[in-house]
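This report refers to the structure that appears directly beneath it.
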Amino acid sequence: MNPQGFVDTVRHNFIVGNWKMHTTAAEATQLAKAIANGMGVMSGKDRVSVAVCPPFPYLALVGEILKGSCVALGAQNLYPEKEGAFTGEVSPTMLRDLGCIYVILGHSERRHKLGESDAFINQKVRVALTAGLDVILCVGETSDQRKANQTEAVLDRQLVQGLVDVPAEVLTRVTIAYEPVWAIGASGHEATPQQVQDAHSLIRRRFARMYGEKSAQAVVIQYGGSVKPENAASMLTANGVDGALIGGASLHADQFLAIVRAGIVEAQTKGKSA
Ligand code: PEP
């Protein structure tokens, strides 16, 4: 049993690169090739799952490069309808058609810069799962919310409302990414492994209340927020952390691969495999 009272379970480490609105076609090509090649020669790669989420315009391009590699393709968003008059939007069916396995939903940049509500994110989660996409649902408090001791309430709300009508049977296709907003990006403050561990424990406890302890032990919870090669080992070994969602460092193949390596070492230590 771990200090949070959960029976230890063997979950896998899942490392995902979120390229956000970065790269040109040429840069995306180079980055995808370098990651696929680097993964190809990496020992222990069977111990982690790895995916990259390029911008929409480069999904097909990157998907072609990743074919036959052990790196999966993911998208950064979708619109929760199959098709229709939704100018400028991208459907889950289109993402599946392009070879996407995963979709990131509820990212804090979409919540806070684009005003996405928990209800809208929930709609996306349900539609994505129905369409056959696996979901990476991001949750996390702002700096003000943390200072006001609202972290638990915010995480609870984002989880409960984000997963409305998501049945326990599909939870193996849902990954949670804990991403404190204050720790994200170039201006983010690095979280301590203790803060990360505490938040992951809150999330797992909420999960236990929603879906039972067995599901809570099984759910993969990534950490995201300024994860870099230098801090990857300490973040990934924090209790309850199952890999990482990476922004900035995922734009550099050497840095991304170094974080994957840290994930492999952690998996080896804990006897995890993908
Ligand atoms: C993110 O935005 O998902 C993220 C974790 O970014 P960064 O790694 O740059 O903090």
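In the structure tokens, chains take the letters A, B, ... in the order shown, each chain's residues start at 1, and ligands count up from 1 in the order shown.
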
With only C-alpha atoms and all ligand atoms counted and 7 Å as the cut-off, give the residues of chain A in contact with ligand 1, each with its shortest interatomic distance in Å and the pair that gives it, as a tab-separated table.
```
residue	atom	partner	partner_atom_place_in_ligand_line	distance
A:Asn18	CA	ligand 1	3 (O)	6.1
A:His107	CA	ligand 1	3 (O)	6.8
A:Glu179	CA	ligand 1	5 (C)	6.4
A:Ala183	CA	ligand 1	10 (O)	6.2
A:Ile184	CA	ligand 1	10 (O)	3.4
A:Gly185	CA	ligand 1	10 (O)	3.7
A:Ala186	CA	ligand 1	9 (O)	6.3
A:Gly188	CA	ligand 1	10 (O)	6.7
A:Gly224	CA	ligand 1	5 (C)	4.0
A:Gly225	CA	ligand 1	10 (O)	3.8
A:Ser226	CA	ligand 1	10 (O)	3.5
A:Val227	CA	ligand 1	8 (O)	5.2
A:Leu245	CA	ligand 1	5 (C)	5.3
A:Ile246	CA	ligand 1	8 (O)	4.1
A:Gly247	CA	ligand 1	6 (O)	3.4
A:Gly248	CA	ligand 1	9 (O)	3.7
A:Ala249	CA	ligand 1	8 (O)	6.1
```

Can you write just those residues out, all heavy atoms, as a compact mmCIF listing (two decimals), in the first residue's frame?
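Once written, selection.txt looks like this:
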```
# COMPACT_ATOMS: atom_id res chain seq x y z
N ASN A 18 3.06 17.73 -26.84
CA ASN A 18 2.04 18.64 -27.36
C ASN A 18 2.77 19.78 -28.06
O ASN A 18 3.35 20.64 -27.40
CB ASN A 18 1.19 19.17 -26.18
CG ASN A 18 0.23 20.26 -26.60
OD1 ASN A 18 0.03 20.51 -27.80
ND2 ASN A 18 -0.37 20.94 -25.63
N HIS A 107 -7.31 21.26 -22.39
CA HIS A 107 -6.02 21.91 -22.07
C HIS A 107 -6.29 23.30 -21.48
O HIS A 107 -7.22 23.99 -21.91
CB HIS A 107 -5.16 22.02 -23.33
CG HIS A 107 -3.75 22.41 -23.01
ND1 HIS A 107 -3.38 23.70 -22.75
CD2 HIS A 107 -2.63 21.66 -22.87
CE1 HIS A 107 -2.08 23.73 -22.48
NE2 HIS A 107 -1.61 22.51 -22.54
N GLU A 179 -2.08 19.29 -14.94
CA GLU A 179 -1.24 20.38 -15.42
C GLU A 179 -1.59 21.66 -14.67
O GLU A 179 -2.51 22.40 -15.08
CB GLU A 179 -1.47 20.60 -16.92
CG GLU A 179 -1.10 19.42 -17.78
CD GLU A 179 -0.68 19.85 -19.18
OE1 GLU A 179 -1.44 20.60 -19.82
OE2 GLU A 179 0.40 19.47 -19.59
N ALA A 183 2.42 26.27 -13.70
CA ALA A 183 3.69 25.58 -13.96
C ALA A 183 3.94 25.39 -15.46
O ALA A 183 4.96 24.87 -15.86
CB ALA A 183 3.69 24.22 -13.27
N ILE A 184 2.98 25.84 -16.27
CA ILE A 184 3.08 25.59 -17.72
C ILE A 184 3.83 26.69 -18.44
O ILE A 184 3.66 27.87 -18.14
CB ILE A 184 1.65 25.44 -18.32
CG1 ILE A 184 1.01 24.13 -17.84
CG2 ILE A 184 1.68 25.48 -19.83
CD1 ILE A 184 -0.39 23.92 -18.35
N GLY A 185 4.64 26.29 -19.41
CA GLY A 185 5.25 27.24 -20.34
C GLY A 185 6.51 27.91 -19.83
O GLY A 185 6.95 27.67 -18.70
N ALA A 186 7.04 28.80 -20.67
CA ALA A 186 8.32 29.43 -20.38
C ALA A 186 8.27 30.25 -19.09
O ALA A 186 9.25 30.33 -18.35
CB ALA A 186 8.72 30.31 -21.55
N GLY A 188 6.33 29.62 -16.56
CA GLY A 188 5.79 28.79 -15.46
C GLY A 188 6.79 28.59 -14.34
O GLY A 188 8.00 28.61 -14.55
N GLY A 224 2.07 17.38 -16.22
CA GLY A 224 2.51 18.32 -17.24
C GLY A 224 2.74 19.69 -16.64
O GLY A 224 1.94 20.17 -15.82
N GLY A 225 3.82 20.32 -17.01
CA GLY A 225 4.14 21.66 -16.53
C GLY A 225 5.65 21.80 -16.45
O GLY A 225 6.25 21.36 -15.47
N SER A 226 6.24 22.34 -17.53
CA SER A 226 7.69 22.57 -17.58
C SER A 226 8.51 21.32 -17.29
O SER A 226 9.54 21.39 -16.62
CB SER A 226 8.08 23.68 -16.60
OG SER A 226 7.41 24.87 -16.90
N VAL A 227 8.05 20.18 -17.80
CA VAL A 227 8.87 18.97 -17.66
C VAL A 227 10.00 19.07 -18.69
O VAL A 227 9.77 19.33 -19.87
CB VAL A 227 8.05 17.68 -17.87
CG1 VAL A 227 8.96 16.45 -17.81
CG2 VAL A 227 6.96 17.57 -16.82
N LEU A 245 2.90 14.96 -19.94
CA LEU A 245 2.45 15.71 -21.11
C LEU A 245 3.41 16.89 -21.22
O LEU A 245 3.56 17.66 -20.27
CB LEU A 245 1.00 16.17 -20.93
CG LEU A 245 0.37 16.97 -22.07
CD1 LEU A 245 0.44 16.22 -23.40
CD2 LEU A 245 -1.10 17.28 -21.77
N ILE A 246 4.06 17.01 -22.38
CA ILE A 246 5.18 17.93 -22.50
C ILE A 246 4.93 18.94 -23.61
O ILE A 246 4.60 18.56 -24.74
CB ILE A 246 6.47 17.14 -22.82
CG1 ILE A 246 6.69 16.05 -21.77
CG2 ILE A 246 7.68 18.05 -22.88
CD1 ILE A 246 7.43 14.86 -22.30
N GLY A 247 5.08 20.21 -23.28
CA GLY A 247 4.93 21.27 -24.27
C GLY A 247 6.29 21.63 -24.86
O GLY A 247 6.81 20.95 -25.75
N GLY A 248 6.89 22.67 -24.32
CA GLY A 248 8.13 23.24 -24.85
C GLY A 248 9.21 22.22 -25.19
O GLY A 248 9.77 22.23 -26.31
N ALA A 249 9.50 21.33 -24.27
CA ALA A 249 10.61 20.39 -24.48
C ALA A 249 10.30 19.37 -25.57
O ALA A 249 11.21 18.74 -26.11
CB ALA A 249 10.96 19.68 -23.17
```

Report task. Fewer than 5 positions away in the same chain doesn't count, so skip those; otherwise give me all residues within 12 Å of stretch 41-43 of chain A, counting only C-alpha atoms, as a VMD selection string. Result -> chain A and resid 34 to 36 48 69 to 70 257 to 258 260 to 265 268

With all heavy atoms kept, could you save the residues just selected as a tab-separated table (two decimals), in the first residue's frame?
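Result file is selection.tsv:
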```tsv
chain	number	residue	atom	x	y	z
A	34	ALA	N	13.14	12.67	-36.36
A	34	ALA	CA	14.15	12.53	-35.30
A	34	ALA	C	13.57	11.75	-34.11
A	34	ALA	O	14.25	10.91	-33.52
A	34	ALA	CB	14.62	13.92	-34.85
A	35	ILE	N	12.30	12.00	-33.78
A	35	ILE	CA	11.69	11.27	-32.65
A	35	ILE	C	11.49	9.80	-33.02
A	35	ILE	O	11.84	8.90	-32.25
A	35	ILE	CB	10.37	11.95	-32.22
A	35	ILE	CG1	10.67	13.31	-31.58
A	35	ILE	CG2	9.58	11.06	-31.25
A	35	ILE	CD1	9.46	14.18	-31.30
A	36	ALA	N	10.96	9.55	-34.22
A	36	ALA	CA	10.71	8.15	-34.63
A	36	ALA	C	12.03	7.38	-34.70
A	36	ALA	O	12.13	6.26	-34.20
A	36	ALA	CB	9.99	8.12	-35.98
A	48	VAL	N	7.26	2.03	-22.24
A	48	VAL	CA	6.47	3.27	-22.22
A	48	VAL	C	5.61	3.38	-23.49
A	48	VAL	O	5.95	2.82	-24.52
A	48	VAL	CB	7.37	4.54	-22.14
A	48	VAL	CG1	8.14	4.62	-20.84
A	48	VAL	CG2	8.32	4.61	-23.32
A	69	SER	N	6.41	3.12	-36.75
A	69	SER	CA	7.24	3.42	-35.57
A	69	SER	C	6.43	3.11	-34.31
A	69	SER	O	5.26	2.74	-34.38
A	69	SER	CB	7.65	4.90	-35.57
A	69	SER	OG	6.57	5.68	-35.08
A	70	CYS	N	7.08	3.28	-33.17
A	70	CYS	CA	6.33	3.02	-31.93
A	70	CYS	C	5.80	4.34	-31.34
A	70	CYS	O	5.45	4.40	-30.17
A	70	CYS	CB	7.22	2.30	-30.93
A	70	CYS	SG	8.74	3.16	-30.59
A	257	LEU	N	13.27	12.94	-26.24
A	257	LEU	CA	13.76	11.56	-26.10
A	257	LEU	C	14.42	11.35	-24.74
A	257	LEU	O	14.33	10.26	-24.16
A	257	LEU	CB	14.74	11.24	-27.25
A	257	LEU	CG	14.07	11.16	-28.64
A	257	LEU	CD1	15.12	11.17	-29.75
A	257	LEU	CD2	13.19	9.91	-28.77
A	258	ALA	N	15.05	12.39	-24.22
A	258	ALA	CA	15.67	12.26	-22.89
A	258	ALA	C	14.59	12.06	-21.82
A	258	ALA	O	14.76	11.28	-20.87
A	258	ALA	CB	16.50	13.51	-22.58
A	260	VAL	N	11.65	10.67	-22.42
A	260	VAL	CA	11.16	9.29	-22.64
A	260	VAL	C	12.10	8.32	-21.91
A	260	VAL	O	11.65	7.39	-21.23
A	260	VAL	CB	11.09	8.96	-24.14
A	260	VAL	CG1	10.78	7.47	-24.34
A	260	VAL	CG2	10.02	9.81	-24.82
A	261	ARG	N	13.40	8.57	-22.04
A	261	ARG	CA	14.38	7.68	-21.37
A	261	ARG	C	14.16	7.70	-19.86
A	261	ARG	O	14.21	6.65	-19.20
A	261	ARG	CB	15.82	8.13	-21.69
A	261	ARG	CG	16.45	7.26	-22.76
A	261	ARG	CD	17.88	7.67	-23.09
A	261	ARG	NE	17.94	8.03	-24.49
A	261	ARG	CZ	18.14	9.24	-24.98
A	261	ARG	NH1	18.36	10.26	-24.17
A	261	ARG	NH2	18.15	9.46	-26.27
A	262	ALA	N	13.90	8.86	-19.30
A	262	ALA	CA	13.62	8.94	-17.85
A	262	ALA	C	12.37	8.13	-17.52
A	262	ALA	O	12.30	7.48	-16.47
A	262	ALA	CB	13.45	10.41	-17.44
A	263	GLY	N	11.40	8.15	-18.42
A	263	GLY	CA	10.17	7.37	-18.23
A	263	GLY	C	10.47	5.87	-18.25
A	263	GLY	O	9.87	5.10	-17.51
A	264	ILE	N	11.40	5.48	-19.11
A	264	ILE	CA	11.76	4.05	-19.20
A	264	ILE	C	12.46	3.61	-17.91
A	264	ILE	O	12.16	2.54	-17.36
A	264	ILE	CB	12.67	3.80	-20.43
A	264	ILE	CG1	11.85	3.99	-21.72
A	264	ILE	CG2	13.30	2.42	-20.38
A	264	ILE	CD1	12.65	3.96	-23.01
A	265	VAL	N	13.37	4.46	-17.43
A	265	VAL	CA	14.09	4.11	-16.20
A	265	VAL	C	13.11	3.96	-15.05
A	265	VAL	O	13.16	2.99	-14.28
A	265	VAL	CB	15.16	5.20	-15.87
A	265	VAL	CG1	15.76	4.98	-14.48
A	265	VAL	CG2	16.24	5.22	-16.94
A	268	GLN	N	11.19	0.77	-15.46
A	268	GLN	CA	12.02	-0.39	-15.12
A	268	GLN	C	12.05	-0.59	-13.60
A	268	GLN	O	11.86	-1.69	-13.10
A	268	GLN	CB	13.45	-0.19	-15.63
A	268	GLN	CG	13.71	-0.93	-16.92
A	268	GLN	CD	14.83	-0.32	-17.73
A	268	GLN	OE1	15.37	0.76	-17.39
A	268	GLN	NE2	15.18	-0.97	-18.81
```

Query - A:Gln194 surroundings by only C-alpha atoms, 10 Å radius, close-in-sequence under 5 positions cut, as a PyMOL selection string - result: chain A and resi 199-200+234-235+238-239

Report task. As a PyMOL selection string, please: all residues of stretch 32-233 of chain A that backbone DSSP puts in alpha helix (DSSP H). Result -> chain A and resi 32-40+59-66+92-97+108-112+118-131+143-147+151-162+193-211+213-218+229-233

Mind dumping the selected residues with C-alpha atoms as a compact mmCIF listing (two decimals), in the first residue's frame?
```
# COMPACT_ATOMS: atom_id res chain seq x y z
CA ALA A 32 8.85 13.64 -36.29
CA LYS A 33 11.69 11.85 -38.11
CA ALA A 34 14.15 12.53 -35.30
CA ILE A 35 11.69 11.27 -32.65
CA ALA A 36 10.71 8.15 -34.63
CA ASN A 37 14.36 7.34 -35.37
CA GLY A 38 15.45 8.02 -31.79
CA MET A 39 12.69 5.80 -30.44
CA GLY A 40 13.59 3.09 -32.95
CA LEU A 59 -1.28 15.58 -38.83
CA ALA A 60 -1.26 13.77 -42.17
CA LEU A 61 2.39 14.60 -42.80
CA VAL A 62 3.54 13.50 -39.35
CA GLY A 63 1.24 10.46 -39.44
CA GLU A 64 3.01 9.23 -42.59
CA ILE A 65 6.42 9.63 -40.95
CA LEU A 66 5.34 7.81 -37.79
CA PRO A 92 -13.32 13.27 -34.47
CA THR A 93 -14.08 11.26 -37.62
CA MET A 94 -11.53 13.33 -39.55
CA LEU A 95 -8.94 12.77 -36.84
CA ARG A 96 -9.53 9.02 -36.92
CA ASP A 97 -9.30 9.14 -40.71
CA SER A 108 -5.72 24.99 -19.86
CA GLU A 109 -4.93 27.17 -22.88
CA ARG A 110 -8.30 26.22 -24.33
CA ARG A 111 -10.06 26.62 -20.98
CA HIS A 112 -8.55 30.01 -20.19
CA ASP A 118 -16.40 21.98 -18.39
CA ALA A 119 -19.71 21.14 -20.09
CA PHE A 120 -18.25 21.74 -23.57
CA ILE A 121 -15.14 19.73 -22.71
CA ASN A 122 -17.37 16.91 -21.47
CA GLN A 123 -19.24 16.94 -24.78
CA LYS A 124 -15.90 16.60 -26.57
CA VAL A 125 -14.76 13.78 -24.29
CA ARG A 126 -17.91 11.76 -24.93
CA VAL A 127 -17.89 12.34 -28.69
CA ALA A 128 -14.17 11.49 -28.94
CA LEU A 129 -14.61 8.21 -27.08
CA THR A 130 -17.63 7.26 -29.17
CA ALA A 131 -15.65 7.98 -32.34
CA SER A 143 -2.05 30.21 -9.44
CA ASP A 144 -4.85 32.29 -7.86
CA GLN A 145 -6.95 29.19 -7.25
CA ARG A 146 -4.01 27.47 -5.55
CA LYS A 147 -3.33 30.54 -3.39
CA THR A 151 -6.96 23.32 -5.81
CA GLU A 152 -8.97 20.32 -4.65
CA ALA A 153 -12.31 21.96 -5.52
CA VAL A 154 -11.09 22.91 -8.99
CA LEU A 155 -9.68 19.46 -9.74
CA ASP A 156 -12.87 17.84 -8.43
CA ARG A 157 -15.06 20.06 -10.59
CA GLN A 158 -12.99 19.55 -13.74
CA LEU A 159 -12.96 15.79 -13.24
CA VAL A 160 -16.59 15.34 -12.24
CA GLN A 161 -17.96 17.68 -14.92
CA GLY A 162 -15.47 16.59 -17.56
CA PRO A 193 7.59 16.68 -6.74
CA GLN A 194 5.65 16.89 -3.45
CA GLN A 195 3.08 19.30 -4.95
CA VAL A 196 2.74 17.02 -7.95
CA GLN A 197 2.35 13.93 -5.79
CA ASP A 198 -0.25 15.62 -3.59
CA ALA A 199 -2.36 16.71 -6.56
CA HIS A 200 -2.13 13.27 -8.18
CA SER A 201 -3.30 11.78 -4.93
CA LEU A 202 -6.32 14.14 -4.86
CA ILE A 203 -7.18 13.15 -8.41
CA ARG A 204 -6.90 9.43 -7.68
CA ARG A 205 -9.06 9.83 -4.57
CA ARG A 206 -11.72 11.68 -6.56
CA PHE A 207 -11.57 8.92 -9.14
CA ALA A 208 -12.09 6.34 -6.41
CA ARG A 209 -15.22 8.20 -5.29
CA MET A 210 -16.50 8.41 -8.87
CA TYR A 211 -15.62 4.99 -10.21
CA GLU A 213 -10.90 2.10 -6.08
CA LYS A 214 -10.00 -0.43 -8.77
CA SER A 215 -10.53 2.15 -11.52
CA ALA A 216 -8.69 4.76 -9.50
CA GLN A 217 -5.68 2.49 -9.21
CA ALA A 218 -5.73 1.75 -12.91
CA PRO A 229 15.27 16.50 -19.18
CA GLU A 230 16.73 18.10 -16.03
CA ASN A 231 13.64 17.55 -13.85
CA ALA A 232 12.07 14.57 -15.63
CA ALA A 233 13.45 11.94 -13.25
```

Write out as a short mmCIF file (atom, residue, chain, number, x, y, z; two decimals) with N, CA and C atoms, in the first residue's frame which residues come within 12 Å of A:Glu27 when counting only C-alpha atoms, dropping same-chain ones fewer than 3 positions away.
```
data_model
loop_
_atom_site.label_atom_id
_atom_site.label_comp_id
_atom_site.auth_asym_id
_atom_site.auth_seq_id
_atom_site.Cartn_x
_atom_site.Cartn_y
_atom_site.Cartn_z
N TRP A 19 2.74 19.74 -29.40
CA TRP A 19 3.52 20.74 -30.16
C TRP A 19 2.81 22.09 -30.20
N HIS A 22 3.05 25.32 -32.99
CA HIS A 22 4.45 25.49 -33.37
C HIS A 22 4.78 24.58 -34.56
N THR A 23 5.85 24.86 -35.17
CA THR A 23 6.47 24.16 -36.32
C THR A 23 5.89 24.61 -37.67
N THR A 24 6.77 24.54 -38.65
CA THR A 24 6.37 24.63 -40.06
C THR A 24 6.30 23.19 -40.55
N GLN A 30 11.07 17.21 -39.77
CA GLN A 30 12.36 16.94 -39.14
C GLN A 30 12.19 16.40 -37.71
N LEU A 31 11.28 17.04 -36.97
CA LEU A 31 11.05 16.66 -35.57
C LEU A 31 10.48 15.24 -35.48
N ALA A 32 9.48 14.97 -36.33
CA ALA A 32 8.85 13.64 -36.29
C ALA A 32 9.86 12.56 -36.68
N LYS A 33 10.68 12.84 -37.68
CA LYS A 33 11.69 11.85 -38.11
C LYS A 33 12.69 11.60 -36.98
N ALA A 34 13.14 12.67 -36.36
CA ALA A 34 14.15 12.53 -35.30
C ALA A 34 13.57 11.75 -34.11
N PRO A 54 0.86 16.97 -33.15
CA PRO A 54 1.21 18.14 -33.97
C PRO A 54 -0.02 19.01 -34.21
N PRO A 55 0.18 20.20 -34.76
CA PRO A 55 -0.97 21.04 -35.15
C PRO A 55 -1.78 20.33 -36.25
N TYR A 58 -0.54 19.53 -39.93
CA TYR A 58 0.59 18.61 -40.15
C TYR A 58 0.29 17.19 -39.68
N LEU A 61 0.95 14.65 -42.54
CA LEU A 61 2.39 14.60 -42.80
C LEU A 61 3.12 13.80 -41.71
N VAL A 62 2.87 14.15 -40.47
CA VAL A 62 3.54 13.50 -39.35
C VAL A 62 3.07 12.05 -39.23
N LEU A 251 9.38 20.03 -28.46
CA LEU A 251 9.74 20.60 -29.77
C LEU A 251 11.21 20.36 -30.10
N HIS A 252 11.91 19.72 -29.18
CA HIS A 252 13.33 19.40 -29.40
C HIS A 252 13.46 17.90 -29.24
N ALA A 253 13.78 17.22 -30.33
CA ALA A 253 13.79 15.75 -30.29
C ALA A 253 14.71 15.23 -29.19
#
```

Requested in this report: Work out how far apart atom CA of A:Val16 and atom CA of A:Ala51 are and give it in Å to one decimal.
Outcome: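 These two atoms are separated by 4.8 Å.
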
Query raised in the report: Mind pulling up the distance from atom CA of A:Ala244 to atom CA of A:Val181?
Result: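 Separating atom CA of A:Val181 from atom CA of A:Ala244 is a distance of 14.7 Å.
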